[in-house]
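A short write-up of the structure that comes next.
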Amino acid sequence: MNQHLRYALVNARLHATDLAARLAVDPKTVERWLQGRVPYPRHRWAVADVLQVDEADLWPEVAGYRRTISSEIQAVYPHRHAVPQAVWRQHFASAVREIDILTYSGLFLAEDTSLMLTIAQRARVGVKVRVLLGDPDSPEVAARGADEHIGPDVMAARTRNALMLYQPLHDVPGVEVRLHGTVLYNSIYRADDQILVNTHAYGIPAAQAPVTHLQSGTEAGTAAVYLSSFERVWTSARPHPLKITINDHVSRPT
């Protein structure tokens with residue numbers, strides 16, 4: 001007998017037949033729930049909505065099945081362009097040990113002079129900076145350009161533009177840039193234990209895709225998955241000297 005459900009019906013001044021009508025189910029189904037049968041999740045949620053109570057108040061035995069949102073998640077932004085500039089600046093300015101960046105071009109960072117200065121300043125005081133950009137000659141960068149409907153050549157040019165804009169970091173100790181040719185499922189922006197993950201969605205520009213702010217917790221946590229991914233890409237990437245001549249810059253005017 002499910003007394004919790006019975007009491008909730010009484011408090012809501014509803015009969016079993018009323019609940020059945022609201023949910024468009026057979027009254028016998030509601031009677032079976034009252035006798036102790038646990039409904040499928042979609043019915044439990046619907047009943048809880050109708051009775052304006054929590055699902056666990058009606059079926060305490062299912063509370064153990066729940067999984068709370070990870071404590072590592074600090075914020076979720078619907079789009080990268082929704083992340084305030086102040087958040088990006090504070091993110092990198094807070095680093096005291098390491099800054100890691102994994103993206104294809106990350107032009108929005110490279111074009112922000114204040115962010116470049118912030119990263120350079122952190123490097124000068126001993127913060128280790130590792131930057132992974134897409135190899136402009138790789139098929140993966142070309143494929144990303146095709147997926148975003150901007151074209152392979154445009155995507156390659158964006159990456160070369162980013163490399164040009166990163167050149168002020170060339171002579172800063174502690175800064176290392178590598179080029180990767182991997183299928184990038186997300187971009188990663190790390191400052192010590194704080195990680196901003198820009199999810200990639202097929203056919204959607206990265207600026208329009210969500211960003212999750214994570215705080216690194218345990219070695220088995222969510223953030224650790226992305227940090228491990230970064231290390232794998234870093235290991236397989238090739239060093240880039242950041243010393244580029246105008247002949248290397250394909251996006252110059254013609």
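Note on naming: chains are A, B, ... as they come in the structure tokens, residues start from 1 per chain, ligands start from 1 in the order shown.
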
Report as a compact mmCIF listing (two decimals) with all heavy atoms, in the first residue's frame all protein, DNA and RNA residues lying within 10 Å of Ser71 in chain A, evaluated on only C-alpha atoms, omitting residues in the same chain fewer than 2 positions from it.
```
# COMPACT_ATOMS: atom_id res chain seq x y z
N THR A 68 22.66 13.89 -8.31
CA THR A 68 22.68 15.33 -8.26
C THR A 68 23.67 15.88 -9.28
O THR A 68 24.58 15.18 -9.73
CB THR A 68 23.09 15.82 -6.87
OG1 THR A 68 24.39 15.29 -6.56
CG2 THR A 68 22.11 15.35 -5.81
N ILE A 69 23.49 17.14 -9.64
CA ILE A 69 24.43 17.79 -10.54
C ILE A 69 25.78 17.86 -9.85
O ILE A 69 25.88 18.19 -8.68
CB ILE A 69 23.94 19.19 -10.91
CG1 ILE A 69 22.63 19.09 -11.70
CG2 ILE A 69 24.99 19.96 -11.71
CD1 ILE A 69 22.02 20.41 -12.04
N ILE A 73 30.49 21.58 -11.36
CA ILE A 73 29.88 22.52 -12.30
C ILE A 73 29.60 23.84 -11.60
O ILE A 73 28.80 23.92 -10.68
CB ILE A 73 28.59 21.94 -12.90
CG1 ILE A 73 28.90 20.66 -13.69
CG2 ILE A 73 27.92 22.97 -13.80
CD1 ILE A 73 27.69 19.99 -14.26
N GLN A 74 30.28 24.89 -12.04
CA GLN A 74 30.13 26.21 -11.46
C GLN A 74 29.09 27.06 -12.20
O GLN A 74 28.40 27.87 -11.60
CB GLN A 74 31.47 26.95 -11.48
CG GLN A 74 32.60 26.19 -10.79
CD GLN A 74 32.33 25.95 -9.33
OE1 GLN A 74 32.18 26.89 -8.55
NE2 GLN A 74 32.23 24.68 -8.93
N LEU A 214 33.81 24.46 -15.13
CA LEU A 214 34.08 23.38 -14.19
C LEU A 214 35.19 23.77 -13.22
O LEU A 214 36.11 24.50 -13.58
CB LEU A 214 34.51 22.11 -14.92
CG LEU A 214 33.52 21.49 -15.92
CD1 LEU A 214 34.20 20.37 -16.68
CD2 LEU A 214 32.29 20.96 -15.19
N GLN A 215 35.08 23.26 -12.01
CA GLN A 215 36.18 23.37 -11.06
C GLN A 215 36.70 21.97 -10.81
O GLN A 215 35.96 21.08 -10.41
CB GLN A 215 35.73 24.00 -9.74
CG GLN A 215 36.86 24.11 -8.73
CD GLN A 215 36.47 24.91 -7.50
OE1 GLN A 215 35.50 25.65 -7.52
NE2 GLN A 215 37.23 24.78 -6.44
N SER A 216 37.98 21.79 -11.07
CA SER A 216 38.56 20.46 -10.94
C SER A 216 38.42 19.94 -9.53
O SER A 216 38.72 20.64 -8.55
CB SER A 216 40.04 20.51 -11.33
OG SER A 216 40.62 19.23 -11.23
N GLY A 217 37.93 18.70 -9.43
CA GLY A 217 37.75 18.08 -8.13
C GLY A 217 38.66 16.88 -7.97
O GLY A 217 39.89 17.01 -7.95
N GLY A 221 36.84 12.86 -11.44
CA GLY A 221 35.74 13.77 -11.69
C GLY A 221 35.58 14.16 -13.15
O GLY A 221 36.34 13.74 -14.03
N THR A 222 34.59 15.01 -13.40
CA THR A 222 34.30 15.45 -14.77
C THR A 222 35.45 16.25 -15.36
O THR A 222 35.85 16.04 -16.50
CB THR A 222 33.03 16.33 -14.76
OG1 THR A 222 31.95 15.59 -14.19
CG2 THR A 222 32.66 16.75 -16.18
```

- Query: Counting only C-alpha atoms, what is within 12 Å of range 46-52 of chain A, bar same-chain residues fewer than 6 positions away, as a PyMOL selection string?
  - Reply: chain A and resi 4-16+18-25+30+33-34+38-40+58-59

Would you save the residues of that selection, restricted to C-alpha atoms, as a PDB file, in the first residue's frame?
```pdb
ATOM      1  CA  HIS A   4       2.242   8.541   0.578  1.00  0.00           C
ATOM      2  CA  LEU A   5       0.332   8.637  -2.694  1.00  0.00           C
ATOM      3  CA  ARG A   6      -2.997   8.137  -0.914  1.00  0.00           C
ATOM      4  CA  TYR A   7      -2.368  11.039   1.473  1.00  0.00           C
ATOM      5  CA  ALA A   8      -1.207  13.276  -1.389  1.00  0.00           C
ATOM      6  CA  LEU A   9      -4.455  12.575  -3.258  1.00  0.00           C
ATOM      7  CA  VAL A  10      -6.464  13.455  -0.166  1.00  0.00           C
ATOM      8  CA  ASN A  11      -4.522  16.692   0.340  1.00  0.00           C
ATOM      9  CA  ALA A  12      -5.105  17.598  -3.305  1.00  0.00           C
ATOM     10  CA  ARG A  13      -8.812  16.735  -2.922  1.00  0.00           C
ATOM     11  CA  LEU A  14      -8.623  14.296  -5.798  1.00  0.00           C
ATOM     12  CA  HIS A  15      -9.873  10.744  -6.280  1.00  0.00           C
ATOM     13  CA  ALA A  16      -7.988   8.009  -8.112  1.00  0.00           C
ATOM     14  CA  ASP A  18      -9.495  12.195 -11.156  1.00  0.00           C
ATOM     15  CA  LEU A  19      -5.779  11.423 -11.310  1.00  0.00           C
ATOM     16  CA  ALA A  20      -6.350   8.835 -14.008  1.00  0.00           C
ATOM     17  CA  ALA A  21      -8.257  11.368 -16.091  1.00  0.00           C
ATOM     18  CA  ARG A  22      -5.532  14.000 -15.656  1.00  0.00           C
ATOM     19  CA  LEU A  23      -2.866  11.545 -16.837  1.00  0.00           C
ATOM     20  CA  ALA A  24      -5.017   9.841 -19.468  1.00  0.00           C
ATOM     21  CA  VAL A  25      -4.447   6.384 -17.973  1.00  0.00           C
ATOM     22  CA  VAL A  30      -3.780   4.313 -10.543  1.00  0.00           C
ATOM     23  CA  TRP A  33       0.006   2.454  -7.904  1.00  0.00           C
ATOM     24  CA  LEU A  34      -1.981   2.894  -4.705  1.00  0.00           C
ATOM     25  CA  VAL A  38       6.017   1.883  -8.711  1.00  0.00           C
ATOM     26  CA  PRO A  39       5.141   3.634 -11.999  1.00  0.00           C
ATOM     27  CA  TYR A  40       7.534   4.280 -14.839  1.00  0.00           C
ATOM     28  CA  LEU A  58       5.451   9.784  -3.192  1.00  0.00           C
ATOM     29  CA  TRP A  59       8.042   7.073  -3.842  1.00  0.00           C
TER      30      TRP A  59
END
```

- Item | Selected residue, from A:Asn198, A:Val125, A:Ser187, A:Ala93, that lies nearest to Ser105 in chain A when counting only C-alpha atoms |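 So, comparing all the options, the nearest one is A:Ser187.
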
- Message: Which residues are near His240 in chain A? Cut-off 9 Å, only C-alpha atoms, ignore same chain within fewer than 5 positions. Put them as a list in words.
- Response: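 Using only C-alpha atoms, the neighbours found are Glu176, Val177, Arg178 and Leu179 of chain A.
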
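All residues in range 42-145 of chain A with a DSSP state of strand (DSSP E or B), computed from the backbone, read A:Ile73, A:Gln74, A:Ala75, A:Val76, A:Tyr77, A:Glu98, A:Ile99, A:Asp100, A:Ile101, A:Leu102, A:Lys128, A:Val129, A:Arg130, A:Val131, A:Leu132, A:Leu133, A:Gly134.
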
With a cut-off of 12 Å, could you pull out the residues of range 89-122 of chain A touching range 234-239 of chain A and give me the nearest pair of atoms for each, distance in Å to one decimal, using only C-alpha atoms, ordered by chain and ascending number, as a Markdown table?
```
| residue | atom | partner | partner_atom | distance |
| --- | --- | --- | --- | --- |
| A:Asp100 | CA | A:Trp234 | CA | 9.9 |
| A:Ile101 | CA | A:Trp234 | CA | 10.2 |
| A:Leu102 | CA | A:Trp234 | CA | 8.8 |
| A:Thr103 | CA | A:Trp234 | CA | 11.5 |
```

- When DSSP works through the backbone of this structure, what residues of range 27-158 of chain A end up as alpha helix (DSSP H), shown as a ChimeraX atom specification? /A:27-35,41-51,55-58,85-93,107-110,113-124,139-147,152-158

- Hey, can you check how far CA of Leu109 in chain A sits from CA of Ala220 in chain A?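 Spanning CA of Leu109 in chain A to CA of Ala220 in chain A is a straight-line distance of 29.7 Å.
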
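Across A:Val225, A:Ile195, A:Ala110, A:Val183, the tightest approach to Ala75 in chain A is made by A:Ile195 when counting only C-alpha atoms.
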
- Go through A:His180, A:Thr29, A:Ile119, A:Phe108 one by one, measure the shortest atom-to-atom distance of each to Gln90 in chain A using only C-alpha atoms, and give the residue with the smallest value.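 Answer, going by the shortest atom-to-atom distance: A:Ile119.
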
Write out as a compact mmCIF listing (two decimals) with N, CA and C atoms, in the first residue's frame each polymer residue whose atoms come within 8 Å of range 136-142 of chain A, counting only C-alpha atoms; drop sequence neighbours fewer than 6 positions from it.
```
# COMPACT_ATOMS: atom_id res chain seq x y z
N TYR A 104 40.73 25.27 -32.17
CA TYR A 104 41.22 25.27 -33.55
C TYR A 104 41.86 26.62 -33.87
N GLY A 151 33.72 27.01 -45.03
CA GLY A 151 34.68 26.55 -46.02
C GLY A 151 36.03 26.20 -45.42
N PRO A 152 36.70 25.18 -45.95
CA PRO A 152 38.00 24.75 -45.44
C PRO A 152 39.05 25.85 -45.48
N ASP A 153 39.10 26.63 -46.56
CA ASP A 153 40.11 27.67 -46.70
C ASP A 153 39.93 28.76 -45.65
N MET A 155 38.55 28.43 -42.68
CA MET A 155 38.93 27.91 -41.36
C MET A 155 40.44 27.87 -41.22
N ALA A 156 41.13 27.46 -42.26
CA ALA A 156 42.60 27.43 -42.22
C ALA A 156 43.15 28.85 -42.06
N ALA A 157 42.54 29.81 -42.74
CA ALA A 157 42.98 31.20 -42.63
C ALA A 157 42.77 31.74 -41.22
N THR A 159 42.90 30.04 -38.50
CA THR A 159 43.95 29.48 -37.65
C THR A 159 45.27 30.21 -37.86
N ARG A 160 45.58 30.51 -39.12
CA ARG A 160 46.82 31.25 -39.39
C ARG A 160 46.74 32.67 -38.82
N GLY A 181 46.32 18.09 -35.05
CA GLY A 181 45.45 17.66 -36.14
C GLY A 181 44.50 16.61 -35.64
N THR A 182 43.68 16.97 -34.67
CA THR A 182 42.73 16.03 -34.07
C THR A 182 41.30 16.50 -34.33
N VAL A 183 40.37 15.56 -34.27
CA VAL A 183 38.95 15.91 -34.32
C VAL A 183 38.61 16.50 -32.95
```

- What's the 7 Å shell around Val129 in chain A, counting only C-alpha atoms, without same-chain residues fewer than 4 positions away, as a list in words?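 In the requested form, the answer reads Glu98, Ile99, Asp100, Ala123, Gly174, Val175 and Glu176 of chain A.
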
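In this structure, CA of Gly36 in chain A sits 8.7 Å away from CA of Gln3 in chain A.
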
- Which residue out of A:Arg97, A:Lys128, A:Arg80, A:His149 has the minimum interatomic distance to Thr199 in chain A when only C-alpha atoms are used? A:Arg80
